[in-house]
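Structure, as structure tokens:
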Amino acid sequence: IIVMSSSPPPSQLPKSPYGSFQGTLFQYHRNLVSFESNTSAPLKCILLGGLSDGMIPTPYCKGLEEKCHELGQWSLVQPILSSSYLGFGNGDLDRDVQELNFLLEYLKTHNSGTHFALVGHSTGCQISMHYLKHGLHRNLISLVVLQAPASDREGAMMDSISKYETNLAIANDLCQQKKENEMMPRSAFWAPITAKRFVDLQSVGGMDDYFSSDFTDLQLKETLGYVSSDEELNKLQAVLVAYSGADEYVPTDRIDTRQLTQRLVNAMGTLAIPLYLPTANHNLSQGESDLFLEKVGELLQKIE
């Protein structure tokens with residue numbers, strides 16, 4: 001016998017916890033859609049969430065939209081990529097960059113876009129950095145915000161080093177057998193994931209390994225220094241590194257997060273700006289979210 005539980009009455013249904021939004025939903029490429037709050041605004045702030053995120057990825061999403069509207073010429077863009085929700089497990093940062101190429105081309109052609117800011121949360125930070133390095137329209141990026149640029153590799157090592165090493169060995173073995181698109185065992189990860197994406201996320205120097213604290217200063221500079229040295233990035237005015245001091249996905253017992261914030265900034269060079277949020281958690285549902293939004297608003301306001 002199957003007993004169906006009844007739905008709660010409408011008065012008890014939770015309201016959208018991260019806010020409600022009005023705007024335009026559009027298809028920017030086959031099977032890919034995006035939502036924009038004001039399509040006529042020439043300045044576009046593109047919010048990129050982390051693993052398993054989609055639209056409305058963070059608690060500060062509504063505040064960011066309001067900040068864009070206060071400034072007048074900015075809109076908030078929330079794209080769905082193939083890697084959104086659980087799609088990240090069979091893709092990579094290169095695919096993300098290609099789809100952002102489609103998005104920016106659409107925004108330029110159909111939605112009046114002239115200048116673009118990328119606001120990355122969690123793995124959205126890696127996507128943003130990868131776009132600055134490989135994106136077709138990277139010369140149109142005026143601002144990048146990295147909110148919670150945590151290392152997936154160091155996060156995976158928090159629970160069990162032996163489990164981390166065992167799973168990584170399985171993934172490496174599959175890749176060496178040219179079976180990189182085979183799925184990892186269910187016990188290896190909390191979502192379906194290929195061997196290749198597992199290696200990208202969790203191996204030293206993997207495609208996603210941009211922000212690990214165990215890199216030397218020279219290694220960080222080799223990984224991140226193009227931010228201030230690449231002549232193609234001729235519109236880029238700033239990269240904000242917003243690091244949370246109480247990020248639950250960072251092993252704060254052995255990593256000095258304030259020091260790491262400055263090390264990342266130093267590696268990126270003159271365009272990078274530190275913003276350390278000492279009591280903030282990963283997605284800013286706790287801590288200094290107002291300070292973060294204030295700083296982002298200041299940087300957006302400088303772009304014309």
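Identifiers in the structure tokens: chain A, B, ... in order shown; residue index from 1 per chain; ligand index from 1 in order shown.
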Please identify every residue of segment 204-267 of chain A that has at least one atom no farther than 12 Å from an atom of segment 86-98 of chain A, counting only C-alpha atoms, and for each give the shortest atom pair and the distance in Å to one decimal, arranged by chain then increasing number, as a tab-separated table.
```
residue	atom	partner	partner_atom	distance
A:Gly206	CA	A:Asp92	CA	10.8
A:Met207	CA	A:Leu93	CA	7.3
A:Asp208	CA	A:Leu93	CA	7.3
A:Asp209	CA	A:Leu93	CA	11.0
A:Tyr210	CA	A:Leu93	CA	11.7
```
- [ ] Excluding Gly113 of chain A and residues on its chain fewer than 3 positions from it, collect all residues at most 6 Å away from it, counting only C-alpha atoms, and give them as a ChimeraX atom specification.
- [x] /A:42-43,107-108
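Scanning segment 50-109 of chain A with DSSP on the backbone, the alpha helix (DSSP H) assignments fall on Cys61, Lys62, Gly63, Leu64, Glu65, Glu66, Lys67, Cys68, His69, Glu70, Leu71, Leu93, Asp94, Arg95, Asp96, Val97, Gln98, Glu99, Leu100, Asn101, Phe102, Leu103, Leu104, Glu105, Tyr106, Leu107, Lys108 and Thr109 of chain A.
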Which residues of segment 179-290 of chain A sit at most 9 Å from segment 137-158 of chain A, using only C-alpha atoms? Give each one's shortest atom pair and distance in Å (one decimal place), in chain and ascending residue order, as a tab-separated table.
```
residue	atom	partner	partner_atom	distance
A:Leu201	CA	A:Asp152	CA	5.8
A:Gln202	CA	A:Arg153	CA	4.2
A:Ser203	CA	A:Arg153	CA	6.5
A:Val204	CA	A:Arg153	CA	7.5
A:Gly206	CA	A:Arg153	CA	9.0
A:Asp208	CA	A:Asp152	CA	7.8
A:Asp209	CA	A:Ser151	CA	6.6
A:Tyr210	CA	A:Ser151	CA	7.2
A:Phe211	CA	A:Ser151	CA	5.4
A:Ser212	CA	A:Ser151	CA	5.1
A:Ser213	CA	A:Ser151	CA	7.9
A:Asp214	CA	A:Glu154	CA	8.9
A:Glu231	CA	A:Asn139	CA	8.8
A:Glu232	CA	A:Asn139	CA	5.4
A:Leu233	CA	A:Asn139	CA	4.7
A:Asn234	CA	A:Asn139	CA	5.9
A:Lys235	CA	A:Ser142	CA	5.1
A:Leu236	CA	A:Ser142	CA	4.1
A:Gln237	CA	A:Ser142	CA	5.5
A:Ala238	CA	A:Leu143	CA	5.3
A:Val239	CA	A:Val144	CA	4.7
A:Leu240	CA	A:Val145	CA	4.7
A:Val241	CA	A:Leu146	CA	5.0
A:Ala242	CA	A:Gln147	CA	4.8
A:Tyr243	CA	A:Ala148	CA	5.2
A:Ser244	CA	A:Ala148	CA	6.2
A:Asp247	CA	A:Ala148	CA	7.6
A:Glu248	CA	A:Gly155	CA	8.9
A:Tyr249	CA	A:Gly155	CA	5.4
A:Val250	CA	A:Gly155	CA	5.6
A:Pro251	CA	A:Met158	CA	6.2
A:Asn281	CA	A:Ala148	CA	8.6
A:His282	CA	A:Ala148	CA	5.9
A:Asn283	CA	A:Ala148	CA	7.3
A:Leu284	CA	A:Ala148	CA	8.9
```
Requested in this report: If you run DSSP over the backbone, which residues in segment 95-304 of chain A end up strand (DSSP E)? Put them as a ChimeraX atom specification.
Outcome: /A:115-121,141-147,238-244,272-277
Expected file contents, prior selection, N, CA, C and O atoms, as an mmCIF file, in the first residue's frame:
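Result file is result-v1.cif:
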```cif
data_model
loop_
_atom_site.group_PDB
_atom_site.id
_atom_site.type_symbol
_atom_site.label_atom_id
_atom_site.label_comp_id
_atom_site.auth_asym_id
_atom_site.auth_seq_id
_atom_site.Cartn_x
_atom_site.Cartn_y
_atom_site.Cartn_z
ATOM 1 N N HIS A 115 29.269 46.131 -22.246
ATOM 2 C CA HIS A 115 30.265 45.819 -21.234
ATOM 3 C C HIS A 115 29.722 44.699 -20.351
ATOM 4 O O HIS A 115 28.506 44.635 -20.096
ATOM 5 N N PHE A 116 30.641 43.867 -19.842
ATOM 6 C CA PHE A 116 30.211 42.685 -19.097
ATOM 7 C C PHE A 116 31.031 42.511 -17.818
ATOM 8 O O PHE A 116 32.244 42.746 -17.810
ATOM 9 N N ALA A 117 30.346 42.106 -16.771
ATOM 10 C CA ALA A 117 30.989 41.718 -15.516
ATOM 11 C C ALA A 117 30.620 40.266 -15.236
ATOM 12 O O ALA A 117 29.475 39.854 -15.462
ATOM 13 N N LEU A 118 31.579 39.503 -14.764
ATOM 14 C CA LEU A 118 31.348 38.126 -14.348
ATOM 15 C C LEU A 118 31.433 38.058 -12.826
ATOM 16 O O LEU A 118 32.454 38.447 -12.244
ATOM 17 N N VAL A 119 30.369 37.604 -12.192
ATOM 18 C CA VAL A 119 30.373 37.376 -10.751
ATOM 19 C C VAL A 119 30.285 35.879 -10.528
ATOM 20 O O VAL A 119 29.245 35.259 -10.805
ATOM 21 N N GLY A 120 31.369 35.289 -10.081
ATOM 22 C CA GLY A 120 31.415 33.852 -9.873
ATOM 23 C C GLY A 120 31.266 33.494 -8.408
ATOM 24 O O GLY A 120 31.894 34.118 -7.539
ATOM 25 N N HIS A 121 30.420 32.526 -8.123
ATOM 26 C CA HIS A 121 30.306 31.962 -6.776
ATOM 27 C C HIS A 121 30.847 30.541 -6.807
ATOM 28 O O HIS A 121 30.450 29.736 -7.656
ATOM 29 N N ILE A 141 35.240 41.867 -21.142
ATOM 30 C CA ILE A 141 35.008 41.737 -19.703
ATOM 31 C C ILE A 141 35.643 42.918 -18.984
ATOM 32 O O ILE A 141 36.844 43.150 -19.076
ATOM 33 N N SER A 142 34.820 43.672 -18.245
ATOM 34 C CA SER A 142 35.304 44.851 -17.521
ATOM 35 C C SER A 142 35.579 44.575 -16.051
ATOM 36 O O SER A 142 36.368 45.286 -15.420
ATOM 37 N N LEU A 143 34.908 43.583 -15.492
ATOM 38 C CA LEU A 143 35.049 43.286 -14.061
ATOM 39 C C LEU A 143 34.816 41.806 -13.835
ATOM 40 O O LEU A 143 33.944 41.204 -14.456
ATOM 41 N N VAL A 144 35.614 41.232 -12.932
ATOM 42 C CA VAL A 144 35.389 39.860 -12.468
ATOM 43 C C VAL A 144 35.339 39.884 -10.947
ATOM 44 O O VAL A 144 36.178 40.519 -10.298
ATOM 45 N N VAL A 145 34.340 39.235 -10.392
ATOM 46 C CA VAL A 145 34.208 39.090 -8.942
ATOM 47 C C VAL A 145 34.295 37.606 -8.614
ATOM 48 O O VAL A 145 33.538 36.795 -9.164
ATOM 49 N N LEU A 146 35.222 37.266 -7.745
ATOM 50 C CA LEU A 146 35.400 35.881 -7.303
ATOM 51 C C LEU A 146 34.911 35.780 -5.864
ATOM 52 O O LEU A 146 35.583 36.233 -4.934
ATOM 53 N N GLN A 147 33.720 35.221 -5.686
ATOM 54 C CA GLN A 147 33.144 35.079 -4.348
ATOM 55 C C GLN A 147 33.248 33.610 -3.929
ATOM 56 O O GLN A 147 32.656 32.729 -4.538
ATOM 57 N N ALA A 238 39.177 45.475 -12.961
ATOM 58 C CA ALA A 238 39.451 44.947 -11.623
ATOM 59 C C ALA A 238 39.009 43.491 -11.530
ATOM 60 O O ALA A 238 38.099 43.054 -12.236
ATOM 61 N N VAL A 239 39.675 42.766 -10.629
ATOM 62 C CA VAL A 239 39.245 41.432 -10.216
ATOM 63 C C VAL A 239 39.146 41.464 -8.694
ATOM 64 O O VAL A 239 40.142 41.663 -8.001
ATOM 65 N N LEU A 240 37.937 41.316 -8.191
ATOM 66 C CA LEU A 240 37.700 41.330 -6.745
ATOM 67 C C LEU A 240 37.785 39.904 -6.214
ATOM 68 O O LEU A 240 37.056 39.020 -6.675
ATOM 69 N N VAL A 241 38.668 39.679 -5.238
ATOM 70 C CA VAL A 241 38.815 38.370 -4.605
ATOM 71 C C VAL A 241 38.149 38.439 -3.239
ATOM 72 O O VAL A 241 38.706 38.989 -2.279
ATOM 73 N N ALA A 242 36.931 37.907 -3.145
ATOM 74 C CA ALA A 242 36.141 37.966 -1.911
ATOM 75 C C ALA A 242 36.178 36.590 -1.235
ATOM 76 O O ALA A 242 35.499 35.657 -1.681
ATOM 77 N N TYR A 243 36.959 36.482 -0.187
ATOM 78 C CA TYR A 243 37.174 35.181 0.470
ATOM 79 C C TYR A 243 36.500 35.179 1.837
ATOM 80 O O TYR A 243 36.610 36.119 2.619
ATOM 81 N N SER A 244 35.795 34.102 2.124
ATOM 82 C CA SER A 244 35.071 33.956 3.386
ATOM 83 C C SER A 244 35.950 33.293 4.443
ATOM 84 O O SER A 244 36.502 32.209 4.212
ATOM 85 N N ALA A 272 44.022 43.138 -9.225
ATOM 86 C CA ALA A 272 43.299 42.362 -8.213
ATOM 87 C C ALA A 272 43.118 43.168 -6.925
ATOM 88 O O ALA A 272 44.005 43.922 -6.509
ATOM 89 N N ILE A 273 41.938 42.990 -6.302
ATOM 90 C CA ILE A 273 41.571 43.698 -5.075
ATOM 91 C C ILE A 273 41.109 42.669 -4.047
ATOM 92 O O ILE A 273 40.226 41.852 -4.344
ATOM 93 N N PRO A 274 41.675 42.691 -2.821
ATOM 94 C CA PRO A 274 41.224 41.735 -1.802
ATOM 95 C C PRO A 274 39.990 42.234 -1.056
ATOM 96 O O PRO A 274 39.837 43.431 -0.807
ATOM 97 N N LEU A 275 39.112 41.307 -0.707
ATOM 98 C CA LEU A 275 37.990 41.595 0.189
ATOM 99 C C LEU A 275 37.842 40.392 1.106
ATOM 100 O O LEU A 275 37.258 39.372 0.719
ATOM 101 N N TYR A 276 38.378 40.506 2.310
ATOM 102 C CA TYR A 276 38.303 39.401 3.265
ATOM 103 C C TYR A 276 37.065 39.578 4.134
ATOM 104 O O TYR A 276 36.834 40.647 4.710
ATOM 105 N N LEU A 277 36.254 38.524 4.224
ATOM 106 C CA LEU A 277 34.995 38.542 4.968
ATOM 107 C C LEU A 277 35.134 37.563 6.130
ATOM 108 O O LEU A 277 34.843 36.374 5.993
#
```
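By chain and then residue number, the residues within 7 Å of Met184 of chain A are Ala171, Ala188, Ile193, Thr194 and Ala195 of chain A, counting only C-alpha atoms and disregarding those fewer than 4 positions away in sequence.
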Save the residues we just selected, C-alpha atoms, as a compact mmCIF listing (two decimals), in the first residue's frame?
```
# COMPACT_ATOMS: atom_id res chain seq x y z
CA ALA A 171 39.83 8.17 -11.88
CA ALA A 188 33.33 8.36 -4.98
CA ILE A 193 30.65 12.35 -12.41
CA THR A 194 33.02 11.11 -15.11
CA ALA A 195 36.60 10.14 -14.43
```
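Using only C-alpha atoms for every distance, the candidate list A:Phe198, A:Trp190, A:Tyr164, A:Tyr226 yields A:Tyr226 as the residue closest to His130 of chain A.
We find atom CA of Gln22 of chain A and atom CA of Gly297 of chain A to be spaced 20.4 Å apart.
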Using only C-alpha atoms, which protein or nucleic acid residues come within 9 Å of segment 51-58 of chain A? Drop anything in the same chain fewer than 4 positions from it, and give the result as a compact mmCIF listing (two decimals) with all heavy atoms, in the first residue's frame.
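The new file part_32.txt reads:
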```txt
# COMPACT_ATOMS: atom_id res chain seq x y z
N TYR A 18 15.51 32.90 -1.80
CA TYR A 18 16.52 33.83 -2.31
C TYR A 18 15.91 34.96 -3.13
O TYR A 18 16.61 35.67 -3.84
CB TYR A 18 17.55 33.09 -3.15
CG TYR A 18 18.41 32.10 -2.39
CD1 TYR A 18 19.28 31.25 -3.07
CD2 TYR A 18 18.36 32.00 -1.01
CE1 TYR A 18 20.08 30.33 -2.39
CE2 TYR A 18 19.14 31.08 -0.31
CZ TYR A 18 20.00 30.25 -1.01
OH TYR A 18 20.78 29.35 -0.33
N GLY A 19 14.59 35.13 -3.04
CA GLY A 19 13.94 36.23 -3.72
C GLY A 19 13.21 35.82 -4.99
O GLY A 19 13.40 34.73 -5.52
N SER A 20 12.35 36.71 -5.46
CA SER A 20 11.61 36.52 -6.70
C SER A 20 12.07 37.56 -7.71
O SER A 20 12.45 38.68 -7.34
CB SER A 20 10.11 36.66 -6.45
OG SER A 20 9.66 35.72 -5.51
N PHE A 21 12.00 37.20 -9.00
CA PHE A 21 12.60 38.04 -10.03
C PHE A 21 11.64 38.22 -11.20
O PHE A 21 10.91 37.30 -11.56
CB PHE A 21 13.91 37.41 -10.53
CG PHE A 21 14.96 37.28 -9.46
CD1 PHE A 21 14.90 36.24 -8.53
CD2 PHE A 21 15.99 38.19 -9.36
CE1 PHE A 21 15.85 36.13 -7.52
CE2 PHE A 21 16.95 38.08 -8.37
CZ PHE A 21 16.88 37.05 -7.45
N SER A 34 18.62 31.66 -20.57
CA SER A 34 19.12 32.60 -19.57
C SER A 34 17.98 33.53 -19.17
O SER A 34 17.02 33.71 -19.92
CB SER A 34 20.30 33.40 -20.13
OG SER A 34 20.84 34.27 -19.15
N PHE A 35 18.13 34.10 -18.00
CA PHE A 35 17.15 35.06 -17.49
C PHE A 35 17.85 36.40 -17.28
O PHE A 35 18.96 36.45 -16.72
CB PHE A 35 16.56 34.57 -16.17
CG PHE A 35 15.51 35.49 -15.59
CD1 PHE A 35 14.19 35.37 -15.98
CD2 PHE A 35 15.85 36.45 -14.65
CE1 PHE A 35 13.22 36.22 -15.45
CE2 PHE A 35 14.89 37.29 -14.12
CZ PHE A 35 13.57 37.17 -14.52
N LEU A 47 25.89 36.34 -13.41
CA LEU A 47 26.10 35.60 -12.17
C LEU A 47 26.25 34.11 -12.48
O LEU A 47 25.36 33.50 -13.06
CB LEU A 47 24.92 35.83 -11.21
CG LEU A 47 24.98 35.12 -9.86
CD1 LEU A 47 26.22 35.50 -9.08
CD2 LEU A 47 23.72 35.42 -9.06
N LYS A 62 19.28 38.45 -5.02
CA LYS A 62 18.31 39.55 -5.10
C LYS A 62 18.99 40.88 -4.79
O LYS A 62 18.74 41.90 -5.46
CB LYS A 62 17.15 39.32 -4.13
CG LYS A 62 16.02 40.33 -4.28
CD LYS A 62 15.37 40.24 -5.65
CE LYS A 62 14.21 41.21 -5.80
NZ LYS A 62 13.59 41.15 -7.14
N GLN A 78 21.30 35.69 -15.47
CA GLN A 78 21.46 34.39 -14.82
C GLN A 78 21.34 33.28 -15.87
O GLN A 78 20.24 32.87 -16.20
CB GLN A 78 20.41 34.20 -13.73
CG GLN A 78 20.44 35.25 -12.63
CD GLN A 78 19.39 34.98 -11.57
OE1 GLN A 78 19.38 33.93 -10.93
NE2 GLN A 78 18.48 35.93 -11.38
N PRO A 79 22.46 32.80 -16.38
CA PRO A 79 22.38 31.77 -17.43
C PRO A 79 22.30 30.36 -16.86
O PRO A 79 22.80 30.07 -15.76
CB PRO A 79 23.71 31.96 -18.17
CG PRO A 79 24.65 32.43 -17.11
CD PRO A 79 23.83 33.27 -16.15
N ILE A 80 21.67 29.51 -17.61
CA ILE A 80 21.77 28.06 -17.40
C ILE A 80 22.81 27.54 -18.39
O ILE A 80 22.69 27.75 -19.60
CB ILE A 80 20.42 27.36 -17.62
CG1 ILE A 80 19.42 27.79 -16.53
CG2 ILE A 80 20.57 25.85 -17.63
CD1 ILE A 80 19.78 27.35 -15.13
N LEU A 81 23.84 26.89 -17.87
CA LEU A 81 24.84 26.22 -18.70
C LEU A 81 24.54 24.72 -18.68
O LEU A 81 23.79 24.22 -17.84
CB LEU A 81 26.24 26.47 -18.16
CG LEU A 81 26.68 27.93 -17.99
CD1 LEU A 81 28.06 27.99 -17.34
CD2 LEU A 81 26.67 28.66 -19.31
N SER A 83 26.43 22.68 -17.57
CA SER A 83 26.98 22.21 -16.30
C SER A 83 26.15 22.63 -15.09
O SER A 83 26.51 22.31 -13.96
CB SER A 83 28.42 22.73 -16.13
OG SER A 83 28.44 24.14 -16.14
N SER A 84 25.05 23.35 -15.32
CA SER A 84 24.20 23.75 -14.20
C SER A 84 23.54 22.52 -13.56
O SER A 84 23.44 21.45 -14.17
CB SER A 84 23.11 24.72 -14.68
OG SER A 84 23.68 25.91 -15.19
N TYR A 85 23.11 22.70 -12.32
CA TYR A 85 22.50 21.62 -11.55
C TYR A 85 23.46 20.43 -11.49
O TYR A 85 24.60 20.59 -11.04
CB TYR A 85 21.12 21.29 -12.10
CG TYR A 85 20.22 22.52 -12.13
CD1 TYR A 85 19.81 23.09 -13.33
CD2 TYR A 85 19.85 23.15 -10.95
CE1 TYR A 85 19.02 24.25 -13.35
CE2 TYR A 85 19.06 24.30 -10.96
CZ TYR A 85 18.65 24.85 -12.15
OH TYR A 85 17.90 25.98 -12.17
N LEU A 86 23.10 19.26 -11.99
CA LEU A 86 24.01 18.11 -11.92
C LEU A 86 24.72 17.84 -13.25
O LEU A 86 25.38 16.82 -13.40
CB LEU A 86 23.24 16.85 -11.49
CG LEU A 86 22.64 16.90 -10.08
CD1 LEU A 86 21.98 15.57 -9.72
CD2 LEU A 86 23.69 17.26 -9.03
N GLY A 87 24.62 18.79 -14.19
CA GLY A 87 25.27 18.59 -15.48
C GLY A 87 26.78 18.74 -15.45
O GLY A 87 27.45 18.35 -16.41
N PHE A 88 27.32 19.29 -14.36
CA PHE A 88 28.76 19.51 -14.30
C PHE A 88 29.55 18.20 -14.35
O PHE A 88 30.71 18.18 -14.75
CB PHE A 88 29.13 20.26 -13.02
CG PHE A 88 28.95 19.46 -11.75
CD1 PHE A 88 29.95 18.65 -11.26
CD2 PHE A 88 27.75 19.53 -11.04
CE1 PHE A 88 29.77 17.91 -10.10
CE2 PHE A 88 27.56 18.80 -9.87
CZ PHE A 88 28.58 17.98 -9.40
N GLY A 89 28.92 17.10 -13.96
CA GLY A 89 29.64 15.84 -13.83
C GLY A 89 30.11 15.25 -15.14
O GLY A 89 31.02 14.40 -15.15
N HIS A 121 30.42 32.53 -8.12
CA HIS A 121 30.31 31.96 -6.78
C HIS A 121 30.85 30.54 -6.81
O HIS A 121 30.45 29.74 -7.66
CB HIS A 121 28.85 31.96 -6.30
CG HIS A 121 28.59 30.98 -5.19
ND1 HIS A 121 29.13 31.14 -3.93
CD2 HIS A 121 27.89 29.80 -5.17
CE1 HIS A 121 28.77 30.11 -3.17
NE2 HIS A 121 28.01 29.29 -3.89
N SER A 122 31.77 30.22 -5.90
CA SER A 122 32.32 28.87 -5.79
C SER A 122 32.95 28.44 -7.13
O SER A 122 33.84 29.13 -7.63
CB SER A 122 31.21 27.91 -5.33
OG SER A 122 31.74 26.67 -4.92
N THR A 123 32.50 27.35 -7.73
CA THR A 123 33.09 26.93 -9.02
C THR A 123 32.82 27.95 -10.12
O THR A 123 33.52 27.95 -11.14
CB THR A 123 32.56 25.53 -9.41
OG1 THR A 123 32.87 24.61 -8.36
CG2 THR A 123 33.19 25.04 -10.69
N GLY A 124 31.85 28.82 -9.92
CA GLY A 124 31.69 29.94 -10.84
C GLY A 124 32.94 30.82 -10.91
O GLY A 124 33.17 31.51 -11.91
N ALA A 191 27.56 13.26 -6.60
CA ALA A 191 26.75 13.42 -7.82
C ALA A 191 27.38 12.58 -8.92
O ALA A 191 28.56 12.23 -8.85
CB ALA A 191 26.70 14.89 -8.24
N ASN A 283 28.35 30.66 0.91
CA ASN A 283 27.45 31.37 -0.02
C ASN A 283 26.93 32.69 0.53
O ASN A 283 26.00 33.28 -0.03
CB ASN A 283 26.28 30.47 -0.42
CG ASN A 283 25.31 30.20 0.71
OD1 ASN A 283 25.49 30.66 1.84
ND2 ASN A 283 24.25 29.45 0.42
N LEU A 284 27.54 33.16 1.63
CA LEU A 284 27.20 34.44 2.25
C LEU A 284 25.79 34.47 2.83
O LEU A 284 25.20 35.55 2.98
CB LEU A 284 27.39 35.61 1.27
CG LEU A 284 28.78 35.78 0.66
CD1 LEU A 284 28.88 37.10 -0.11
CD2 LEU A 284 29.87 35.71 1.71
N SER A 285 25.25 33.30 3.16
CA SER A 285 23.98 33.31 3.91
C SER A 285 24.23 33.77 5.34
O SER A 285 23.30 34.15 6.05
CB SER A 285 23.35 31.91 3.91
OG SER A 285 24.19 30.98 4.57
```
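Of the listed residues (A:Ser128, A:Gln262, A:Thr257, A:Thr252), A:Ser128 comes nearest to Val227 of chain A; the distances count only C-alpha atoms.
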